[in-house]
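Colleague: Okay, so here is coords27.txt, and as you'll see once you scroll down, it has compact mmCIF, C-alpha atoms and all ligand atoms.
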```
# COMPACT_ATOMS: atom_id res chain seq x y z
CA MET A 673 0.00 0.00 0.00
CA HIS A 674 2.68 2.49 0.97
CA ALA A 675 5.35 2.84 -1.64
CA THR A 676 8.13 4.39 0.42
CA LEU A 677 9.59 4.08 3.90
CA CYS A 678 8.75 7.74 4.54
CA GLU A 679 5.05 7.05 4.05
CA HIS A 680 5.23 4.38 6.75
CA LEU A 681 7.14 6.72 9.02
CA LEU A 682 4.50 9.41 8.81
CA ASP A 683 1.85 6.86 9.70
CA LEU A 684 3.82 5.74 12.75
CA VAL A 685 4.45 9.31 13.90
CA GLN A 686 0.74 9.99 13.63
CA ASN A 687 0.00 7.02 15.86
CA ALA A 688 2.43 8.39 18.43
CA VAL A 689 0.87 11.84 18.34
CA GLU A 690 -2.62 10.35 18.54
CA ALA A 691 -1.47 8.38 21.60
CA GLY A 692 -0.87 11.68 23.37
CA ALA A 693 2.94 11.60 23.30
CA SER A 694 4.91 14.69 24.30
CA PHE A 695 8.09 13.27 22.76
CA VAL A 696 8.49 11.28 19.56
CA GLN A 697 11.73 10.01 18.13
CA VAL A 698 12.26 8.60 14.66
CA GLU A 699 15.56 7.04 13.81
CA VAL A 700 16.51 5.65 10.43
CA VAL A 701 19.95 4.09 10.28
CA GLU A 702 21.45 2.79 7.05
CA THR A 703 24.52 0.86 8.09
CA GLU A 704 27.79 0.33 6.28
CA ALA A 705 26.74 -3.30 5.88
CA GLY A 706 23.57 -2.32 4.02
CA ASP A 707 21.00 -2.86 6.77
CA VAL A 708 18.18 -0.42 7.32
CA GLU A 709 17.12 -0.04 10.96
CA VAL A 710 14.00 1.93 11.75
CA THR A 711 12.80 2.88 15.23
CA VAL A 712 9.84 5.07 16.10
CA SER A 713 9.36 5.57 19.81
CA ASP A 714 7.07 7.72 21.88
CA ASN A 715 6.08 8.40 25.48
CA GLY A 716 2.37 8.29 24.74
CA ARG A 717 -0.27 6.28 26.52
CA GLY A 718 1.13 2.90 25.46
CA MET A 719 -0.81 -0.32 25.08
CA THR A 720 -1.60 -3.38 27.14
CA PRO A 721 -0.28 -6.69 25.70
CA GLU A 722 -3.80 -7.42 24.47
CA GLU A 723 -4.08 -4.01 22.79
CA ALA A 724 -0.66 -4.43 21.22
CA ARG A 725 -1.70 -7.79 19.81
CA ARG A 726 -4.89 -6.32 18.41
CA ALA A 727 -3.00 -3.35 16.98
CA LEU A 728 -1.14 -5.73 14.68
CA ASP A 729 -4.39 -7.09 13.34
CA PRO A 730 -5.30 -5.15 10.19
CA PHE A 731 -8.96 -5.63 11.01
CA ALA A 732 -8.72 -3.82 14.30
CA SER A 733 -8.68 -0.13 15.06
CA ASP A 734 -9.66 1.39 18.37
CA GLY A 735 -12.87 2.66 16.82
CA ARG A 736 -12.27 6.25 17.93
CA LYS A 737 -10.22 7.80 15.16
CA HIS A 738 -12.31 6.94 12.15
CA PRO A 739 -15.67 5.54 13.14
CA ALA A 740 -16.50 5.00 9.47
CA ARG A 741 -13.50 2.71 8.97
CA ARG A 742 -12.97 0.26 11.74
CA VAL A 743 -9.79 -1.23 10.39
CA GLY A 744 -6.44 0.16 11.46
CA LEU A 745 -3.70 -0.01 8.89
CA GLY A 746 -0.59 1.81 9.99
CA LEU A 747 1.09 -0.83 12.14
CA PRO A 748 0.10 -3.91 10.13
CA PHE A 749 1.35 -2.23 6.93
CA PHE A 750 4.69 -1.44 8.41
CA ARG A 751 5.08 -4.96 9.74
CA GLN A 752 4.10 -6.44 6.40
CA MET A 753 6.60 -4.22 4.59
CA VAL A 754 9.43 -5.24 6.92
CA GLU A 755 8.61 -8.94 6.70
CA GLN A 756 8.23 -8.88 2.93
CA ALA A 757 11.68 -7.38 2.77
CA GLY A 758 12.91 -10.41 4.72
CA GLY A 759 13.46 -8.41 7.88
CA GLU A 760 12.44 -8.45 11.51
CA PHE A 761 9.74 -6.43 13.18
CA ASP A 762 9.20 -5.70 16.83
CA LEU A 763 6.57 -3.79 18.78
CA ARG A 764 7.17 -2.92 22.41
CA SER A 765 4.60 -1.07 24.36
CA GLU A 766 3.81 -0.51 27.97
CA LEU A 767 0.65 1.06 29.26
CA GLY A 768 1.32 4.51 30.65
CA VAL A 769 4.94 4.49 29.52
CA GLY A 770 5.07 4.51 25.75
CA THR A 771 5.56 2.56 22.58
CA SER A 772 8.48 1.63 20.40
CA VAL A 773 8.12 0.23 16.89
CA PHE A 774 11.16 -1.35 15.31
CA GLY A 775 12.00 -2.79 11.91
CA ARG A 776 15.23 -3.98 10.36
CA TYR A 777 15.72 -5.21 6.80
CA ARG A 778 18.30 -5.38 4.06
CA GLY A 779 18.29 -2.21 1.98
CA ASP A 780 19.14 -4.21 -1.14
CA HIS A 781 16.32 -6.75 -0.71
CA PRO A 782 14.19 -6.69 -3.88
CA ASP A 783 11.08 -5.95 -1.80
CA ALA A 784 12.67 -3.27 0.37
CA PRO A 785 10.90 0.06 -0.18
CA PRO A 786 12.80 3.12 -1.39
CA MET A 787 13.45 5.77 1.24
CA GLY A 788 11.14 8.36 -0.30
CA GLU A 789 11.51 12.07 0.35
CA TRP A 790 13.03 12.45 3.80
CA SER A 791 12.71 16.25 3.82
CA ASP A 792 9.01 16.05 2.97
CA PHE A 793 8.49 13.50 5.71
CA VAL A 794 10.25 15.71 8.26
CA VAL A 795 8.15 18.75 7.41
CA GLN A 796 4.93 16.77 7.49
CA ALA A 797 5.83 15.24 10.84
CA LEU A 798 6.78 18.64 12.27
CA VAL A 799 3.36 20.16 11.69
CA LEU A 800 1.62 17.24 13.36
CA GLY A 801 2.15 17.83 16.98
CA GLU A 802 2.19 21.44 17.92
CA GLY A 803 3.97 21.89 21.20
CA LEU A 804 5.44 18.41 21.35
CA GLU A 805 9.11 17.65 20.93
CA MET A 806 10.38 15.51 18.10
CA ALA A 807 13.80 14.20 17.22
CA LEU A 808 14.02 13.04 13.62
CA ILE A 809 17.27 11.23 13.05
CA ARG A 810 18.84 10.03 9.86
CA GLU A 811 22.10 8.12 9.80
CA TRP A 812 23.97 6.96 6.73
CA ARG A 813 27.11 4.93 7.11
CA GLY A 814 27.98 6.46 10.44
CA ARG A 815 27.12 10.03 9.48
CA ARG A 816 24.20 11.34 11.42
CA VAL A 817 21.87 14.30 11.34
CA VAL A 818 19.37 15.08 14.07
CA ILE A 819 16.48 17.45 13.47
CA ARG A 820 14.84 18.72 16.63
CA ARG A 821 11.44 20.27 16.30
CA SER A 822 12.10 22.83 19.05
CA GLU A 823 15.31 24.02 17.36
CA LEU A 824 13.70 24.51 13.97
CA ALA A 825 10.61 26.12 15.46
CA GLU A 826 12.79 28.58 17.35
CA ALA A 827 14.96 29.46 14.36
CA LEU A 828 11.92 29.91 12.11
CA GLN A 829 9.78 31.75 14.68
CA GLY A 830 7.17 29.04 14.52
CA LEU A 831 6.38 26.34 12.00
CA GLY A 832 2.86 27.39 11.26
CA ASP A 833 3.02 29.05 7.89
CA ALA A 834 3.94 27.95 4.39
CA GLU A 835 7.10 30.02 4.21
CA ALA A 836 8.52 28.45 7.39
CA LEU A 837 7.72 24.99 6.13
CA ALA A 838 9.30 25.61 2.73
CA LEU A 839 12.46 26.86 4.47
CA ALA A 840 12.48 23.90 6.85
CA ARG A 841 12.21 21.56 3.90
CA ARG A 842 15.19 23.18 2.17
CA TYR A 843 17.21 23.03 5.37
CA VAL A 844 16.47 19.34 5.97
CA GLY A 845 17.22 18.56 2.34
CA GLU A 846 20.64 20.19 2.62
CA GLN A 847 21.43 18.37 5.84
CA GLU A 848 20.46 15.12 4.19
CA ARG A 849 22.60 15.72 1.11
CA GLU A 850 25.52 16.44 3.36
CA ILE A 851 25.43 13.13 5.21
CA LEU A 852 24.80 11.28 1.95
CA GLY A 853 27.93 12.93 0.62
CA LYS A 854 26.05 14.78 -2.11
CA GLY A 855 26.42 18.23 -0.58
CA MET B 911 29.09 26.88 -1.20
CA SER B 912 26.85 28.64 1.27
CA LYS B 913 25.03 26.24 3.50
CA LEU B 914 21.65 26.82 5.02
CA THR B 915 22.30 26.78 8.76
CA LEU B 916 19.86 27.32 11.60
CA GLU B 917 21.43 30.76 11.92
CA ALA B 918 20.69 31.50 8.27
CA LEU B 919 17.10 30.37 8.72
CA ARG B 920 16.78 32.70 11.68
CA LYS B 921 18.00 35.66 9.63
CA LEU B 922 15.71 34.87 6.74
CA ARG B 923 12.74 35.06 9.05
CA GLU B 924 13.79 37.84 11.40
CA ALA B 925 12.77 40.66 9.12
CA LYS B 926 9.25 39.37 8.89
CA ARG B 927 8.91 38.54 12.51
CA ASN B 928 6.61 41.29 13.67
CA GLU B 929 4.35 41.25 10.72
CA MET B 930 4.05 37.50 11.04
CA ALA B 931 3.38 37.39 14.73
CA ARG B 932 0.48 39.73 14.16
CA ARG B 933 -1.01 37.77 11.31
CA GLU B 934 -0.57 34.38 12.88
CA SER B 935 -2.02 35.28 16.19
CA ASP B 936 -5.21 36.72 14.79
CA GLY B 937 -5.43 33.95 12.20
CA THR B 938 -6.04 36.41 9.39
CA ALA B 939 -3.74 34.66 6.95
CA GLY B 940 -5.91 31.54 6.70
CA THR B 941 -5.37 27.82 7.21
CA ILE B 942 -5.06 24.80 4.94
CA LEU B 943 -5.70 21.48 6.72
CA ILE B 944 -4.78 18.29 4.88
CA GLY B 945 -6.08 14.85 5.90
CA MET B 946 -3.08 12.59 6.15
CA GLY B 947 -4.25 9.39 7.74
CA THR B 948 -3.19 6.08 6.23
CA CYS B 949 -5.82 6.37 3.50
CA GLY B 950 -4.89 9.97 2.68
CA ILE B 951 -1.21 9.11 2.44
CA ALA B 952 -1.98 6.17 0.17
CA ALA B 953 -4.03 8.51 -2.03
CA GLY B 954 -1.18 11.02 -2.42
CA ALA B 955 -1.81 13.45 0.43
CA ARG B 956 1.94 13.88 1.01
CA GLU B 957 2.39 15.28 -2.48
CA THR B 958 -0.68 17.47 -2.00
CA PHE B 959 0.76 18.86 1.23
CA ASP B 960 4.04 19.59 -0.45
CA ALA B 961 2.35 21.25 -3.41
CA PHE B 962 0.48 23.63 -1.06
CA VAL B 963 3.61 24.49 0.91
CA GLU B 964 5.60 25.33 -2.19
CA ALA B 965 2.80 27.17 -4.01
CA LEU B 966 1.97 29.33 -0.98
CA ALA B 967 5.56 30.00 0.07
CA ALA B 968 6.32 31.27 -3.42
CA HIS B 969 3.47 33.76 -3.28
CA PRO B 970 4.07 36.99 -1.36
CA GLY B 971 0.41 37.35 -0.45
CA LEU B 972 0.01 33.75 0.69
CA LYS B 973 3.25 32.76 2.34
CA HIS B 974 1.88 33.26 5.83
CA VAL B 975 -1.07 30.98 5.30
CA ALA B 976 -0.82 28.09 7.78
CA VAL B 977 -0.48 24.58 6.39
CA ARG B 978 -1.35 21.78 8.78
CA GLN B 979 -2.23 18.15 8.67
CA THR B 980 -4.53 15.91 10.56
CA GLY B 981 -5.18 12.19 10.69
CA CYS B 982 -8.04 10.48 8.96
CA MET B 983 -11.05 12.75 8.43
CA GLY B 984 -13.28 9.71 8.04
CA LEU B 985 -13.81 10.29 4.33
CA CYS B 986 -11.42 7.68 2.98
CA TYR B 987 -13.27 7.41 -0.34
CA ALA B 988 -12.53 11.05 -1.14
CA GLU B 989 -8.88 11.33 -0.10
CA PRO B 990 -6.85 13.39 -0.27
CA THR B 991 -9.17 15.75 1.59
CA VAL B 992 -8.31 19.38 2.23
CA GLU B 993 -10.12 21.86 4.46
CA ILE B 994 -9.61 25.51 3.60
CA ALA B 995 -10.39 28.33 5.98
CA MET B 996 -9.62 31.70 4.42
CA PRO B 997 -10.60 34.99 6.03
CA GLY B 998 -13.94 36.24 4.80
CA MET B 999 -14.91 32.92 3.22
CA PRO B 1000 -16.80 29.91 4.49
CA THR B 1001 -14.69 26.96 5.59
CA VAL B 1002 -14.77 24.45 2.76
CA LEU B 1003 -13.84 20.78 2.56
CA TYR B 1004 -12.48 19.67 -0.79
CA GLY B 1005 -12.07 16.03 -1.82
CA ARG B 1006 -9.75 14.16 -4.16
CA VAL B 1007 -7.23 16.98 -4.18
CA LYS B 1008 -4.11 15.56 -5.78
CA ALA B 1009 -0.99 17.68 -6.19
CA GLU B 1010 -2.05 18.50 -9.77
CA GLY B 1011 -5.25 20.04 -8.45
CA VAL B 1012 -3.49 22.40 -6.06
CA PRO B 1013 -2.73 25.27 -8.49
CA GLN B 1014 -6.41 25.59 -9.41
CA ILE B 1015 -7.48 25.77 -5.76
CA VAL B 1016 -4.77 28.31 -4.96
CA GLU B 1017 -5.70 30.43 -7.95
CA GLU B 1018 -9.48 30.27 -7.57
CA HIS B 1019 -10.19 29.86 -3.87
CA LEU B 1020 -7.22 31.56 -2.23
CA LEU B 1021 -6.52 34.32 -4.71
CA LYS B 1022 -9.87 35.04 -6.35
CA GLY B 1023 -12.09 33.98 -3.47
CA ARG B 1024 -14.18 31.66 -5.64
CA LEU B 1025 -15.07 28.10 -4.64
CA VAL B 1026 -13.94 25.27 -6.89
CA SER B 1027 -17.43 23.74 -6.85
CA GLU B 1028 -16.67 20.46 -8.55
CA ARG B 1029 -14.30 19.45 -5.75
CA VAL B 1030 -16.32 20.69 -2.79
CA LEU B 1031 -17.33 17.88 -0.42
CA ASP B 1032 -18.90 19.98 2.24
CA LYS B 1033 -19.43 23.53 3.25
CA PRO B 1034 -21.32 24.85 6.21
CA ALA B 1035 -24.75 25.70 4.87
CA VAL B 1036 -27.35 26.46 7.49
CA ASP B 1037 -29.78 23.81 6.29
CA LEU B 1038 -27.08 21.15 6.32
CA MET B 1039 -25.82 21.95 9.77
CA LYS B 1040 -29.18 21.54 11.48
CA PRO B 1041 -30.20 17.99 12.29
CA ARG B 1042 -32.89 16.92 9.91
CA LYS B 1043 -36.37 16.26 11.14
CA SER B 1044 -37.88 13.23 9.53
N1 LIG C 1 2.28 4.54 19.26
C1 LIG C 1 1.13 4.06 19.73
N2 LIG C 1 0.77 4.27 21.03
C2 LIG C 1 -0.40 3.78 21.54
N3 LIG C 1 -1.29 3.08 20.81
C3 LIG C 1 -1.00 2.81 19.52
C4 LIG C 1 0.22 3.30 18.91
N4 LIG C 1 0.24 2.87 17.62
C5 LIG C 1 -0.91 2.21 17.43
N5 LIG C 1 -1.66 2.16 18.55
C6 LIG C 1 -2.97 1.52 18.71
O1 LIG C 1 -3.11 0.56 17.68
C7 LIG C 1 -4.25 0.83 16.88
C8 LIG C 1 -3.97 0.49 15.43
O2 LIG C 1 -3.05 1.43 14.88
P1 LIG C 1 -2.99 1.61 13.34
O3 LIG C 1 -2.72 0.28 12.73
O4 LIG C 1 -2.05 2.69 12.97
O5 LIG C 1 -4.47 2.04 12.94
P2 LIG C 1 -5.23 3.42 13.24
O6 LIG C 1 -4.19 4.42 13.68
O7 LIG C 1 -5.82 3.78 11.91
O8 LIG C 1 -6.25 3.10 14.28
C9 LIG C 1 -4.56 2.29 17.14
O9 LIG C 1 -5.93 2.57 16.96
C10 LIG C 1 -4.11 2.49 18.59
O10 LIG C 1 -5.13 2.09 19.48
MG MG C 2 -2.48 4.82 12.54
```
Turn the structure described in the file into structure tokens.

Modeller:
Amino acid sequence: MHATLCEHLLDLVQNAVEAGASFVQVEVVETEAGDVEVTVSDNGRGMTPEEARRALDPFASDGRKHPARRVGLGLPFFRQMVEQAGGEFDLRSELGVGTSVFGRYRGDHPDAPPMGEWSDFVVQALVLGEGLEMALIREWRGRRVVIRRSELAEALQGLGDAEALALARRYVGEQEREILGKG
Amino acid sequence: MSKLTLEALRKLREAKRNEMARRESDGTAGTILIGMGTCGIAAGARETFDAFVEALAAHPGLKHVAVRQTGCMGLCYAEPTVEIAMPGMPTVLYGRVKAEGVPQIVEEHLLKGRLVSERVLDKPAVDLMKPRKS
């Protein structure tokens, strides 16, 4: 369903925000060895073991977010993507503490998704949770760039308007090119 | 090569700071809200979002319009959905707004103040807002 990793990431960040998190961290690490390791963690309301099990069932949603569609898709899609790419998936969640979603797969697996537009993902994640802190981390062969929502919001005097978002996107794009060695 | 640092971003925005603070706080610049739940994303809402950001940022009169996103709006069949609240106009919900459709909405709705009727899903009309007696 989702064509790129970034589409999955946005879905997972939305879940975190919807779970009432005040901090969300996304980390995408592409190792020297060619592995892709993805972690999305939050300090939101978390899930009981039973809720976590149900969350992985594509025919279950909590029935609050979209009463007209009772199937949840974000988590099952991500898991399916990781497993189709021959990788491993893990979901850890504790009620009242938070949730961490993890996936690791080979970047060169024929069914591994392309990265997608990282800078677009960052901007779209940034506008999601006003007032909450986010760390969006991209690492490529040991070179790492961390985007903190609070830092960008401060530099841009808020992230509300189109001009700020267009500038943020350019900034993130440049940071990305630099770690990828294309700067 | 000059790199865009946080410091450079700060400078680029500093000049406009006061003007912006005023406009943002009273909401006069308007708001674009894009539905980006799983179904919206699958239907291309990310590209739609991006198209709005770039189109508005490039326009002096529209660059302070707020662009936001929300999860599923419950209208999966009509994704991507976009709600537009511009000053002096009714709040309108448009459906099936792909990136290609963004220029028309910017031109008509945001600049000329005319609704793009064929894409309107919902607008607050008095008779629609009241519960129907049957
Ligand atoms: N990060 C999270 N924290 C707490 N609960 C979560 C989280 N992610 C998912 N869930 C729970 O799992 C359910 C299924 O999630 P998902 O597959 O993304 O579908 P949807 O978000 O459309 O309901 C959610 O409705 C929510 O109850
Ligand atoms: Mg979800």

Colleague: Using only C-alpha atoms, find the residues of chain B whose closest atom to chain A is at most 9 Å away, then write them as a PDB file with C-alpha atoms, keeping the file's coordinate frame.

Modeller:
```
ATOM      1  CA  LYS B 913      25.030  26.240   3.500  1.00  0.00           C
ATOM      2  CA  LEU B 914      21.650  26.820   5.020  1.00  0.00           C
ATOM      3  CA  THR B 915      22.300  26.780   8.760  1.00  0.00           C
ATOM      4  CA  LEU B 916      19.860  27.320  11.600  1.00  0.00           C
ATOM      5  CA  GLU B 917      21.430  30.760  11.920  1.00  0.00           C
ATOM      6  CA  ALA B 918      20.690  31.500   8.270  1.00  0.00           C
ATOM      7  CA  LEU B 919      17.100  30.370   8.720  1.00  0.00           C
ATOM      8  CA  ARG B 920      16.780  32.700  11.680  1.00  0.00           C
ATOM      9  CA  LYS B 921      18.000  35.660   9.630  1.00  0.00           C
ATOM     10  CA  LEU B 922      15.710  34.870   6.740  1.00  0.00           C
ATOM     11  CA  ARG B 923      12.740  35.060   9.050  1.00  0.00           C
ATOM     12  CA  GLU B 924      13.790  37.840  11.400  1.00  0.00           C
ATOM     13  CA  ARG B 927       8.910  38.540  12.510  1.00  0.00           C
ATOM     14  CA  MET B 930       4.050  37.500  11.040  1.00  0.00           C
ATOM     15  CA  ALA B 931       3.380  37.390  14.730  1.00  0.00           C
ATOM     16  CA  GLU B 934      -0.570  34.380  12.880  1.00  0.00           C
ATOM     17  CA  ALA B 939      -3.740  34.660   6.950  1.00  0.00           C
ATOM     18  CA  THR B 941      -5.370  27.820   7.210  1.00  0.00           C
ATOM     19  CA  MET B 946      -3.080  12.590   6.150  1.00  0.00           C
ATOM     20  CA  GLY B 947      -4.250   9.390   7.740  1.00  0.00           C
ATOM     21  CA  THR B 948      -3.190   6.080   6.230  1.00  0.00           C
ATOM     22  CA  CYS B 949      -5.820   6.370   3.500  1.00  0.00           C
ATOM     23  CA  ILE B 951      -1.210   9.110   2.440  1.00  0.00           C
ATOM     24  CA  ALA B 952      -1.980   6.170   0.170  1.00  0.00           C
ATOM     25  CA  ARG B 956       1.940  13.880   1.010  1.00  0.00           C
ATOM     26  CA  GLU B 957       2.390  15.280  -2.480  1.00  0.00           C
ATOM     27  CA  PHE B 959       0.760  18.860   1.230  1.00  0.00           C
ATOM     28  CA  ASP B 960       4.040  19.590  -0.450  1.00  0.00           C
ATOM     29  CA  PHE B 962       0.480  23.630  -1.060  1.00  0.00           C
ATOM     30  CA  VAL B 963       3.610  24.490   0.910  1.00  0.00           C
ATOM     31  CA  GLU B 964       5.600  25.330  -2.190  1.00  0.00           C
ATOM     32  CA  ALA B 965       2.800  27.170  -4.010  1.00  0.00           C
ATOM     33  CA  LEU B 966       1.970  29.330  -0.980  1.00  0.00           C
ATOM     34  CA  ALA B 967       5.560  30.000   0.070  1.00  0.00           C
ATOM     35  CA  ALA B 968       6.320  31.270  -3.420  1.00  0.00           C
ATOM     36  CA  LEU B 972       0.010  33.750   0.690  1.00  0.00           C
ATOM     37  CA  LYS B 973       3.250  32.760   2.340  1.00  0.00           C
ATOM     38  CA  HIS B 974       1.880  33.260   5.830  1.00  0.00           C
ATOM     39  CA  VAL B 975      -1.070  30.980   5.300  1.00  0.00           C
ATOM     40  CA  ALA B 976      -0.820  28.090   7.780  1.00  0.00           C
ATOM     41  CA  VAL B 977      -0.480  24.580   6.390  1.00  0.00           C
ATOM     42  CA  ARG B 978      -1.350  21.780   8.780  1.00  0.00           C
ATOM     43  CA  GLN B 979      -2.230  18.150   8.670  1.00  0.00           C
ATOM     44  CA  THR B 980      -4.530  15.910  10.560  1.00  0.00           C
ATOM     45  CA  GLY B 981      -5.180  12.190  10.690  1.00  0.00           C
ATOM     46  CA  CYS B 982      -8.040  10.480   8.960  1.00  0.00           C
ATOM     47  CA  MET B 983     -11.050  12.750   8.430  1.00  0.00           C
ATOM     48  CA  GLY B 984     -13.280   9.710   8.040  1.00  0.00           C
ATOM     49  CA  LEU B 985     -13.810  10.290   4.330  1.00  0.00           C
ATOM     50  CA  CYS B 986     -11.420   7.680   2.980  1.00  0.00           C
TER      51      CYS B 986
END
```

Colleague: Measuring between all atoms listed in the file, which one of A:Leu747, A:Val708, A:Met719, A:Ala757 shows the shortest distance to ligand MG 2 (chain C)?

Modeller: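 For ligand MG 2 (chain C), the nearest of the candidates is A:Leu747.
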
Colleague: What is the distance, in Å and to one decimal place, between CA of Gly945 in chain B and CA of Val696 in chain A?

Modeller: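 Distance reported for this atom pair: 20.3 Å.
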
Colleague: Closest to Glu723 in chain A among A:Thr771, A:Ser822, A:Gln697, A:Gln756, using only C-alpha atoms?

Modeller: A:Thr771

Colleague: Return the single residue from A:Leu677, A:Ala693, A:Val773, A:Ala705 that is closest to Met806 in chain A, with distances computed using all atoms listed in the file.

Modeller: A:Ala693

Colleague: Choose the residue, out of B:Gly950, B:Arg1029, B:Tyr987, B:Val1007, that has the smallest atom-to-atom separation from ligand LIG 1 (chain C); count only C-alpha atoms and all ligand atoms.

Modeller: B:Gly950

Colleague: Grab the CA of Ala688 in chain A to atom P1 of ligand LIG 1 (chain C) distance for me, in Å with one decimal place.

Modeller: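 These atoms are spaced 10.1 Å apart.
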